[in-house]
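Student: If it helps, the file is called my_file_4.cif and holds mmCIF, C-alpha atoms and all ligand atoms:
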```cif
data_protein
#
loop_
_atom_site.label_atom_id
_atom_site.label_comp_id
_atom_site.auth_asym_id
_atom_site.auth_seq_id
_atom_site.Cartn_x
_atom_site.Cartn_y
_atom_site.Cartn_z
CA MET A 25 -55.87 131.51 146.95
CA THR A 26 -55.61 132.54 150.58
CA MET A 27 -58.59 134.18 152.25
CA GLN A 28 -57.92 137.87 152.07
CA ALA A 29 -61.43 139.15 152.04
CA ASP A 30 -64.61 138.81 154.00
CA SER A 31 -67.15 136.11 153.28
CA ASP A 32 -68.53 138.02 150.30
CA GLY A 33 -65.12 138.09 148.60
CA ARG A 34 -65.02 141.86 149.01
CA VAL A 35 -61.60 143.33 149.64
CA VAL A 36 -62.73 146.95 149.62
CA GLU A 37 -66.16 148.03 150.85
CA VAL A 38 -67.02 151.70 150.96
CA GLU A 39 -70.44 153.02 151.91
CA GLY A 40 -71.78 156.54 151.84
CA LEU A 41 -68.34 158.14 152.01
CA GLU A 42 -68.32 161.93 152.34
CA VAL A 43 -65.11 163.93 152.44
CA HIS A 44 -64.63 167.68 152.88
CA TYR A 45 -61.79 170.14 152.66
CA GLY A 46 -63.11 172.89 154.90
CA ASN A 47 -66.58 173.67 153.54
CA HIS A 48 -65.80 172.15 150.16
CA LYS A 49 -67.43 168.74 149.85
CA VAL A 50 -65.26 166.75 147.45
CA LEU A 51 -66.85 163.33 147.85
CA ASP A 52 -70.60 163.21 148.34
CA GLY A 53 -71.76 159.70 149.19
CA ILE A 54 -69.39 157.27 147.49
CA ASP A 55 -70.21 153.54 147.45
CA LEU A 56 -67.53 151.22 146.14
CA GLN A 57 -66.93 147.48 146.23
CA VAL A 58 -63.78 145.78 145.01
CA ASN A 59 -63.73 141.99 144.75
CA ALA A 60 -60.81 139.70 145.57
CA GLY A 61 -58.34 139.34 142.70
CA GLU A 62 -59.77 142.01 140.42
CA ILE A 63 -58.34 145.23 139.03
CA MET A 64 -60.70 148.11 139.79
CA VAL A 65 -59.91 151.33 137.98
CA ILE A 66 -61.31 154.51 139.50
CA MET A 67 -61.60 157.02 136.69
CA GLY A 68 -62.57 160.64 136.62
CA GLY A 69 -61.50 164.01 135.34
CA SER A 70 -58.85 166.10 137.01
CA GLY A 71 -60.15 167.42 140.34
CA SER A 72 -62.94 164.82 140.56
CA GLY A 73 -61.57 163.58 143.88
CA LYS A 74 -59.68 160.44 142.86
CA SER A 75 -56.62 161.14 144.98
CA THR A 76 -58.83 162.25 147.85
CA LEU A 77 -60.74 158.97 147.68
CA LEU A 78 -57.48 157.03 147.71
CA ARG A 79 -56.12 159.01 150.65
CA THR A 80 -59.37 158.44 152.54
CA LEU A 81 -59.29 154.69 151.79
CA LEU A 82 -55.78 154.58 153.21
CA GLY A 83 -56.80 156.40 156.40
CA LEU A 84 -54.67 159.44 155.52
CA LYS A 85 -57.67 161.74 155.21
CA GLU A 86 -60.65 161.62 157.53
CA ALA A 87 -64.15 161.11 156.18
CA SER A 88 -66.99 163.23 157.52
CA ALA A 89 -69.48 160.42 156.91
CA GLY A 90 -69.60 156.84 155.70
CA SER A 91 -67.51 153.76 156.26
CA VAL A 92 -64.47 152.01 154.80
CA LYS A 93 -63.69 148.31 155.19
CA LEU A 94 -60.44 146.92 153.84
CA LEU A 95 -59.69 143.19 153.80
CA GLY A 96 -62.89 142.64 155.74
CA LYS A 97 -62.11 145.01 158.62
CA PRO A 98 -63.33 148.52 159.45
CA PHE A 99 -60.43 150.75 158.49
CA ASP A 100 -60.45 154.16 160.18
CA ALA A 101 -59.06 156.08 163.14
CA ARG A 102 -61.64 154.53 165.48
CA HIS A 103 -59.98 151.14 164.90
CA PRO A 104 -56.24 151.77 165.38
CA GLU A 105 -55.47 148.06 165.76
CA ASN A 106 -57.07 147.37 162.36
CA LEU A 107 -55.09 150.24 160.85
CA ARG A 108 -51.85 148.66 162.08
CA GLN A 109 -52.72 145.13 160.97
CA VAL A 110 -54.21 145.96 157.61
CA ARG A 111 -51.55 148.51 156.63
CA ARG A 112 -48.89 145.80 156.58
CA ARG A 113 -50.93 143.93 153.97
CA ILE A 114 -51.44 146.93 151.69
CA GLY A 115 -49.01 148.23 149.08
CA VAL A 116 -49.19 151.77 147.75
CA ALA A 117 -47.57 153.25 144.65
CA PHE A 118 -48.22 156.98 144.80
CA GLN A 119 -48.00 159.49 142.02
CA GLY A 120 -44.32 160.42 141.79
CA GLY A 121 -43.23 157.08 143.24
CA ALA A 122 -40.07 158.57 144.67
CA LEU A 123 -37.11 156.55 145.86
CA LEU A 124 -34.71 157.92 148.46
CA SER A 125 -31.82 159.27 146.43
CA SER A 126 -29.15 158.50 149.03
CA LEU A 127 -29.90 154.76 149.13
CA THR A 128 -29.24 152.09 146.51
CA VAL A 129 -32.21 150.63 144.64
CA GLY A 130 -31.90 147.48 146.74
CA GLU A 131 -31.86 149.38 150.04
CA ASN A 132 -34.90 151.37 148.94
CA ILE A 133 -36.79 148.16 148.22
CA ARG A 134 -35.76 146.56 151.53
CA LEU A 135 -36.93 149.55 153.56
CA PRO A 136 -40.40 148.19 154.40
CA LEU A 137 -38.85 144.87 155.41
CA ARG A 138 -36.50 146.61 157.82
CA HIS A 139 -39.47 148.40 159.37
CA HIS A 140 -41.98 145.55 159.53
CA ALA A 141 -40.16 142.25 159.56
CA ARG A 142 -37.24 140.62 161.34
CA LEU A 143 -35.22 138.94 158.65
CA ASP A 144 -31.51 138.34 158.14
CA GLU A 145 -29.63 140.22 155.45
CA SER A 146 -29.32 137.29 153.05
CA THR A 147 -33.08 136.60 153.16
CA MET A 148 -33.81 140.25 152.48
CA ALA A 149 -31.31 140.21 149.59
CA VAL A 150 -33.07 137.23 148.00
CA MET A 151 -36.50 138.83 148.45
CA THR A 152 -35.20 142.05 146.91
CA ARG A 153 -33.84 140.19 143.88
CA MET A 154 -37.15 138.34 143.44
CA LYS A 155 -39.12 141.58 143.39
CA LEU A 156 -36.65 143.19 140.97
CA GLU A 157 -37.08 140.20 138.64
CA MET A 158 -40.82 140.61 138.93
CA VAL A 159 -40.71 144.22 137.72
CA ASN A 160 -38.14 143.48 134.98
CA LEU A 161 -35.24 145.19 136.69
CA PRO A 162 -32.87 142.27 137.38
CA GLY A 163 -29.38 143.12 138.59
CA THR A 164 -30.07 146.74 139.49
CA GLU A 165 -29.96 146.46 143.29
CA ASN A 166 -26.59 148.18 143.62
CA LEU A 167 -27.43 151.14 141.36
CA MET A 168 -28.37 154.53 142.75
CA PRO A 169 -31.82 155.93 141.83
CA ALA A 170 -30.18 158.72 139.79
CA GLN A 171 -28.80 156.04 137.46
CA LEU A 172 -32.32 154.85 136.52
CA SER A 173 -34.66 156.19 133.85
CA GLY A 174 -38.10 157.54 134.86
CA GLY A 175 -39.83 154.28 133.95
CA MET A 176 -37.24 152.26 135.89
CA VAL A 177 -37.78 154.42 138.98
CA LYS A 178 -41.52 153.68 138.79
CA ARG A 179 -40.84 149.97 138.52
CA ALA A 180 -38.37 150.05 141.42
CA ALA A 181 -40.98 151.90 143.50
CA LEU A 182 -43.43 149.15 142.53
CA ALA A 183 -40.93 146.50 143.69
CA ARG A 184 -40.74 148.32 147.02
CA ALA A 185 -44.55 148.41 147.29
CA LEU A 186 -44.58 144.65 146.62
CA ILE A 187 -41.86 143.60 149.03
CA MET A 188 -44.33 142.70 151.81
CA ASP A 189 -46.47 140.65 149.36
CA PRO A 190 -49.53 142.87 149.77
CA ALA A 191 -53.01 141.39 149.50
CA LEU A 192 -54.21 144.74 148.21
CA MET A 193 -52.32 147.24 146.03
CA PHE A 194 -53.24 150.87 145.36
CA PHE A 195 -51.86 152.89 142.44
CA ASP A 196 -52.36 156.62 141.98
CA GLU A 197 -51.90 157.70 138.34
CA PRO A 198 -49.24 155.01 137.71
CA SER A 199 -48.37 156.21 134.23
CA ALA A 200 -48.30 159.95 134.94
CA GLY A 201 -45.30 161.51 133.23
CA LEU A 202 -44.30 158.37 131.32
CA ASP A 203 -44.02 158.02 127.57
CA PRO A 204 -46.63 155.74 125.93
CA VAL A 205 -44.30 152.73 125.60
CA THR A 206 -43.12 152.87 129.21
CA SER A 207 -46.66 153.46 130.33
CA ALA A 208 -47.85 150.37 128.42
CA GLU A 209 -45.06 148.34 130.07
CA LEU A 210 -46.31 149.43 133.46
CA ASP A 211 -49.84 148.35 132.51
CA GLU A 212 -48.43 144.95 131.55
CA LEU A 213 -46.77 144.71 134.94
CA ILE A 214 -50.00 145.51 136.74
CA LEU A 215 -51.80 142.79 134.79
CA ARG A 216 -49.01 140.30 135.49
CA LEU A 217 -49.18 141.17 139.17
CA ARG A 218 -52.87 140.30 139.27
CA ASP A 219 -52.35 137.10 137.32
CA THR A 220 -49.30 135.75 139.18
CA THR A 221 -50.08 136.78 142.76
CA GLY A 222 -53.86 137.20 142.87
CA THR A 223 -53.35 140.60 144.45
CA THR A 224 -56.42 142.80 144.42
CA ILE A 225 -55.55 146.06 142.69
CA VAL A 226 -57.14 149.51 142.82
CA VAL A 227 -55.84 151.99 140.24
CA VAL A 228 -56.78 155.64 140.17
CA THR A 229 -56.24 157.34 136.81
CA HIS A 230 -57.60 159.80 134.29
CA GLU A 231 -55.97 157.92 131.39
CA LEU A 232 -58.54 156.17 129.25
CA GLU A 233 -56.20 153.97 127.28
CA SER A 234 -54.60 152.55 130.40
CA THR A 235 -58.02 152.11 132.00
CA PHE A 236 -59.36 150.07 129.14
CA SER A 237 -56.27 147.88 128.90
CA ILE A 238 -56.09 146.88 132.58
CA ALA A 239 -59.53 147.20 134.18
CA ASP A 240 -61.71 144.28 135.20
CA ARG A 241 -64.21 146.84 136.39
CA ILE A 242 -64.37 150.61 136.28
CA THR A 243 -65.83 153.15 138.70
CA MET A 244 -66.44 156.57 137.17
CA LEU A 245 -66.34 159.57 139.51
CA GLY A 246 -67.90 162.92 138.75
CA GLY A 247 -69.40 165.72 140.80
CA GLY A 248 -68.40 163.95 144.01
CA LYS A 249 -70.53 160.91 143.14
CA VAL A 250 -70.08 157.53 141.51
CA LEU A 251 -71.49 158.13 138.04
CA MET A 252 -71.25 154.46 137.18
CA SER A 253 -69.59 151.24 138.24
CA GLY A 254 -69.35 148.36 135.79
CA SER A 255 -67.33 146.24 133.41
CA VAL A 256 -65.27 147.85 130.64
CA ASP A 257 -68.01 147.03 128.12
CA GLU A 258 -70.78 148.37 130.32
CA VAL A 259 -68.93 151.65 130.72
CA ARG A 260 -68.02 151.90 127.03
CA ASN A 261 -71.62 151.25 126.00
CA SER A 262 -73.19 153.54 128.56
CA SER A 263 -75.56 156.09 127.11
CA ASP A 264 -75.11 158.41 130.08
CA PRO A 265 -73.91 161.73 128.61
CA GLN A 266 -71.61 162.39 131.59
CA ILE A 267 -69.88 159.06 130.99
CA GLN A 268 -69.66 159.71 127.28
CA ASN A 269 -68.17 163.14 128.02
CA LEU A 270 -65.44 161.52 130.08
CA LEU A 271 -64.81 158.85 127.45
CA ASN A 272 -64.61 161.38 124.65
CA ARG A 273 -62.59 163.82 126.74
CA ARG A 274 -65.01 166.58 125.90
CA PRO A 275 -65.02 169.49 128.31
CA ASN A 276 -67.94 169.14 130.70
CA LEU A 277 -70.79 171.06 129.16
CA GLU A 278 -72.12 172.61 132.34
CA GLN A 279 -73.16 175.76 130.46
CA PRO A 280 -76.92 175.70 130.14
CA ASP A 281 -78.31 175.76 126.65
CA PRO A 282 -80.36 179.03 126.68
CA ASP A 283 -82.92 177.72 124.20
CA ALA A 284 -83.50 174.53 126.13
CA TYR A 285 -83.75 176.55 129.32
CA LEU A 286 -86.45 178.78 127.82
CA ARG A 287 -88.34 175.78 126.51
CA ARG A 288 -88.29 174.18 129.99
CA LEU A 289 -89.53 177.41 131.57
CA THR A 290 -92.32 177.87 129.08
CA GLY A 291 -93.17 174.17 128.99
CA ASN A 292 -92.81 173.94 125.24
N1 LIG B 301 -55.28 169.37 150.58
C1 LIG B 301 -56.32 169.96 149.99
N2 LIG B 301 -56.89 171.07 150.50
C2 LIG B 301 -57.95 171.65 149.91
N3 LIG B 301 -58.53 171.21 148.78
C3 LIG B 301 -58.00 170.12 148.21
C4 LIG B 301 -56.88 169.44 148.78
N4 LIG B 301 -56.59 168.37 147.99
C5 LIG B 301 -57.48 168.40 146.98
N5 LIG B 301 -58.32 169.43 147.10
C6 LIG B 301 -59.45 169.74 146.20
O1 LIG B 301 -60.31 168.62 146.14
C7 LIG B 301 -60.74 168.36 144.82
C8 LIG B 301 -60.33 166.97 144.40
O2 LIG B 301 -58.92 166.88 144.34
P1 LIG B 301 -58.18 165.51 144.04
O3 LIG B 301 -58.68 164.46 144.97
O4 LIG B 301 -56.72 165.78 144.06
O5 LIG B 301 -58.69 165.19 142.56
P2 LIG B 301 -58.05 164.24 141.42
O6 LIG B 301 -57.05 163.35 142.05
O7 LIG B 301 -59.23 163.52 140.85
O8 LIG B 301 -57.46 165.17 140.40
C9 LIG B 301 -60.14 169.48 143.97
O9 LIG B 301 -61.11 170.47 143.85
C10 LIG B 301 -58.96 169.96 144.78
O10 LIG B 301 -58.72 171.31 144.52
MG MG B 302 -54.98 162.93 141.63
#
```
Produce structure tokens that represent the structure in this file.
Tutor:
Amino acid sequence: MTMQADSDGRVVEVEGLEVHYGNHKVLDGIDLQVNAGEIMVIMGGSGSGKSTLLRTLLGLKEASAGSVKLLGKPFDARHPENLRQVRRRIGVAFQGGALLSSLTVGENIRLPLRHHARLDESTMAVMTRMKLEMVNLPGTENLMPAQLSGGMVKRAALARALIMDPALMFFDEPSAGLDPVTSAELDELILRLRDTTGTTIVVVTHELESTFSIADRITMLGGGKVLMSGSVDEVRNSSDPQIQNLLNRRPNLEQPDPDAYLRRLTGN
């Protein structure tokens, strides 16, 4: 495998990340390490700051404290040259995963190539067909996006995210809005991507089933912090009530138990 990480094999290194919207602190000291070739799933309830973390990792949202390194390089507005270099090696599949409706599927997928690379049309056509094969959409390059099903649009958007052969791929809620079968197919694709290309993959999701079927490691977010980072088994077997709440999809029991409260006050 090519060297796509620093000497520790870390592709993503986040330390002490704090992010605000106005006075609202959404992320409060996040540490995160993602190793080369693994699938890291960042899990947390709705509003726990998953998308914010992703946007901050990508340099789209500024952190008020902490540091982000991607592919071994500091990745923030203070290092514009790194932003330029590293961005070409990152693929992103955002929630929604929209294609431009006025362009064919093939033209949509070639878009990043037209922006970042100087290649002749026939080379781009071959690369487009390869990526469409990879996402199980052979022979669709001349269709318009409106002719595709929801799951096919997601896969075409994935082909577009892969066209530059990224060393690092980010997914935000990849299976949002998909039926269970289509969503399982997308999980399969993500696994195949890791296995065939060695791409390091970061997936942000609130879906447990998907998390457990694709994750090498899981980072659980809650209350702006990392509640836990570990293997699937470590997370499943955690005795931490906050983790168990997330796993059992119970509403967060923030309401104090009045009896327990009284006992604490009275020391009984
Ligand atoms: N652009 C924004 N402006 C202000 N608050 C925001 C913005 N985006 C998200 N938030 C708030 O930040 C918190 C985390 O949101 P988000 O990162 O979207 O969570 P998740 O992706 O885990 O559902 C929420 O309380 C949300 O209301
Ligand atoms: Mg989100």
Student: Return as a PDB file with C-alpha atoms, in the coordinates of the input the residues of protein, DNA or RNA that approach ligand MG 302 (chain B) to within 10 Å, with all atoms listed in the file taken into account.
Tutor:
```pdb
ATOM      1  CA  GLY A  68     -62.570 160.640 136.620  1.00  0.00           C
ATOM      2  CA  GLY A  69     -61.500 164.010 135.340  1.00  0.00           C
ATOM      3  CA  SER A  70     -58.850 166.100 137.010  1.00  0.00           C
ATOM      4  CA  GLY A  71     -60.150 167.420 140.340  1.00  0.00           C
ATOM      5  CA  SER A  72     -62.940 164.820 140.560  1.00  0.00           C
ATOM      6  CA  GLY A  73     -61.570 163.580 143.880  1.00  0.00           C
ATOM      7  CA  LYS A  74     -59.680 160.440 142.860  1.00  0.00           C
ATOM      8  CA  SER A  75     -56.620 161.140 144.980  1.00  0.00           C
ATOM      9  CA  THR A  76     -58.830 162.250 147.850  1.00  0.00           C
ATOM     10  CA  LEU A  77     -60.740 158.970 147.680  1.00  0.00           C
ATOM     11  CA  LEU A  78     -57.480 157.030 147.710  1.00  0.00           C
ATOM     12  CA  ARG A  79     -56.120 159.010 150.650  1.00  0.00           C
ATOM     13  CA  PHE A 118     -48.220 156.980 144.800  1.00  0.00           C
ATOM     14  CA  GLN A 119     -48.000 159.490 142.020  1.00  0.00           C
ATOM     15  CA  ASP A 196     -52.360 156.620 141.980  1.00  0.00           C
ATOM     16  CA  GLU A 197     -51.900 157.700 138.340  1.00  0.00           C
ATOM     17  CA  ALA A 200     -48.300 159.950 134.940  1.00  0.00           C
ATOM     18  CA  VAL A 228     -56.780 155.640 140.170  1.00  0.00           C
ATOM     19  CA  THR A 229     -56.240 157.340 136.810  1.00  0.00           C
ATOM     20  CA  HIS A 230     -57.600 159.800 134.290  1.00  0.00           C
TER      21      HIS A 230
END
```
Student: Just to confirm, what's the straight-line distance from CA of Glu37 (chain A) to CA of Val58 (chain A) in Å (one decimal)?
Tutor: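 CA of Val58 (chain A) lies at a distance of 6.7 Å from CA of Glu37 (chain A).
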Student: Pick out the closest residue to Ser253 (chain A) from this set: A:Leu137, A:Ile267, A:Ile225, A:Leu192. Count all atoms listed in the file.
Tutor: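 Using all atoms listed in the file, Ser253 (chain A) sits closest to A:Ile267.
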Student: At what distance in Å, to one decimal, does CA of Asp219 (chain A) lie from CA of Ala191 (chain A)?
Tutor: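 A separation of 12.9 Å between them.
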Student: If we count all atoms listed in the file, what is near Leu56 (chain A) at a cut-off of 10 Å, once residues fewer than 6 positions away on the same chain are taken out, given as a ChimeraX atom specification?
Tutor: /A:36-41,64,66,92,243,250,253
Student: I need the residue nearest Lys49 (chain A) from this list: A:Ala89, A:Leu95, A:Leu156, A:Leu84. Use all atoms listed in the file for the distance.
Tutor: A:Ala89
Student: Draw an axis-aligned box tight on the listed atoms of ligand LIG 301 (chain B), then pad every side by 4 Å and write out centre and edge lengths in Å to one decimal as AutoDock Vina command-line options.
Tutor:
```
--center_x -58.2 --center_y 167.5 --center_z 145.5 --size_x 13.8 --size_y 16.3 --size_z 18.2
```
Student: Extract, using all atoms listed in the file, all DNA, RNA and protein residues at most 10 Å from Glu258 (chain A), discarding same-chain residues fewer than 5 positions from it, and format them as an MDAnalysis selection string.
Tutor: chainID A and resid 241:242 252:253 263
Student: For a quick check of understanding, using all atoms listed in the file, which of A:Leu124, A:Leu81, A:Leu202, A:Leu271 has the smallest distance to Met168 (chain A)?
Tutor: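 The shortest atom-to-atom distance to Met168 (chain A) comes from A:Leu124.
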Student: State, in Å with one decimal place, the distance from CA of Ile114 (chain A) to CA of Met176 (chain A).
Tutor: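 About the pair CA of Ile114 (chain A) and CA of Met176 (chain A): they are 21.9 Å apart.
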Student: Mind completing region 249-260 of chain A with all heavy atoms? Output as a short mmCIF file (atom, residue, chain, number, x, y, z; two decimals), in the frame of the given file, please?
Tutor:
```
data_model
loop_
_atom_site.label_atom_id
_atom_site.label_comp_id
_atom_site.auth_asym_id
_atom_site.auth_seq_id
_atom_site.Cartn_x
_atom_site.Cartn_y
_atom_site.Cartn_z
N LYS A 249 -69.73 162.14 143.06
CA LYS A 249 -70.53 160.91 143.14
C LYS A 249 -69.91 159.83 142.25
O LYS A 249 -69.10 160.11 141.37
CB LYS A 249 -71.95 161.17 142.60
CG LYS A 249 -72.62 162.38 143.16
CD LYS A 249 -73.63 161.99 144.19
CE LYS A 249 -74.47 163.20 144.59
NZ LYS A 249 -75.08 163.02 145.89
N VAL A 250 -70.38 158.60 142.46
CA VAL A 250 -70.08 157.53 141.51
C VAL A 250 -71.09 157.66 140.38
O VAL A 250 -72.28 157.48 140.59
CB VAL A 250 -70.19 156.14 142.17
CG1 VAL A 250 -70.09 155.04 141.13
CG2 VAL A 250 -69.11 155.97 143.23
N LEU A 251 -70.59 158.00 139.18
CA LEU A 251 -71.49 158.13 138.04
C LEU A 251 -71.92 156.76 137.57
O LEU A 251 -73.04 156.55 137.13
CB LEU A 251 -70.79 158.85 136.89
CG LEU A 251 -70.30 160.27 137.16
CD1 LEU A 251 -69.58 160.82 135.94
CD2 LEU A 251 -71.49 161.17 137.52
N MET A 252 -70.97 155.80 137.67
CA MET A 252 -71.25 154.46 137.18
C MET A 252 -70.18 153.52 137.67
O MET A 252 -69.02 153.90 137.83
CB MET A 252 -71.24 154.49 135.66
CG MET A 252 -71.47 153.13 135.04
SD MET A 252 -71.60 153.22 133.26
CE MET A 252 -72.17 151.54 132.97
N SER A 253 -70.56 152.26 137.89
CA SER A 253 -69.59 151.24 138.24
C SER A 253 -69.95 150.03 137.38
O SER A 253 -71.11 149.62 137.36
CB SER A 253 -69.74 150.90 139.72
OG SER A 253 -68.51 150.59 140.28
N GLY A 254 -69.00 149.50 136.65
CA GLY A 254 -69.35 148.36 135.79
C GLY A 254 -68.15 147.82 135.05
O GLY A 254 -67.02 148.29 135.25
N SER A 255 -68.40 146.83 134.21
CA SER A 255 -67.33 146.24 133.41
C SER A 255 -66.90 147.25 132.35
O SER A 255 -67.59 148.25 132.10
CB SER A 255 -67.82 144.97 132.72
OG SER A 255 -68.80 145.32 131.76
N VAL A 256 -65.77 146.97 131.69
CA VAL A 256 -65.27 147.85 130.64
C VAL A 256 -66.35 148.03 129.57
O VAL A 256 -66.63 149.16 129.14
CB VAL A 256 -63.98 147.27 130.03
CG1 VAL A 256 -63.57 148.07 128.80
CG2 VAL A 256 -62.85 147.27 131.06
N ASP A 257 -66.99 146.93 129.17
CA ASP A 257 -68.01 147.03 128.12
C ASP A 257 -69.21 147.85 128.58
O ASP A 257 -69.75 148.66 127.82
CB ASP A 257 -68.48 145.64 127.68
CG ASP A 257 -67.47 145.01 126.74
OD1 ASP A 257 -66.63 145.77 126.19
OD2 ASP A 257 -67.52 143.78 126.56
N GLU A 258 -69.63 147.62 129.81
CA GLU A 258 -70.78 148.37 130.32
C GLU A 258 -70.50 149.87 130.31
O GLU A 258 -71.36 150.67 129.95
CB GLU A 258 -71.14 147.92 131.74
CG GLU A 258 -71.89 146.61 131.76
CD GLU A 258 -71.97 145.99 133.16
OE1 GLU A 258 -71.19 146.38 134.05
OE2 GLU A 258 -72.81 145.10 133.34
N VAL A 259 -69.27 150.23 130.69
CA VAL A 259 -68.93 151.65 130.72
C VAL A 259 -68.84 152.20 129.30
O VAL A 259 -69.39 153.26 128.99
CB VAL A 259 -67.61 151.87 131.50
CG1 VAL A 259 -67.10 153.29 131.31
CG2 VAL A 259 -67.81 151.57 132.97
N ARG A 260 -68.15 151.46 128.43
CA ARG A 260 -68.02 151.90 127.03
C ARG A 260 -69.37 152.12 126.37
O ARG A 260 -69.56 153.03 125.59
CB ARG A 260 -67.30 150.81 126.22
CG ARG A 260 -65.82 150.96 126.08
CD ARG A 260 -65.41 149.96 125.02
NE ARG A 260 -64.08 149.45 125.19
CZ ARG A 260 -62.99 150.06 124.73
NH1 ARG A 260 -63.09 151.19 124.09
NH2 ARG A 260 -61.81 149.52 124.91
#
```
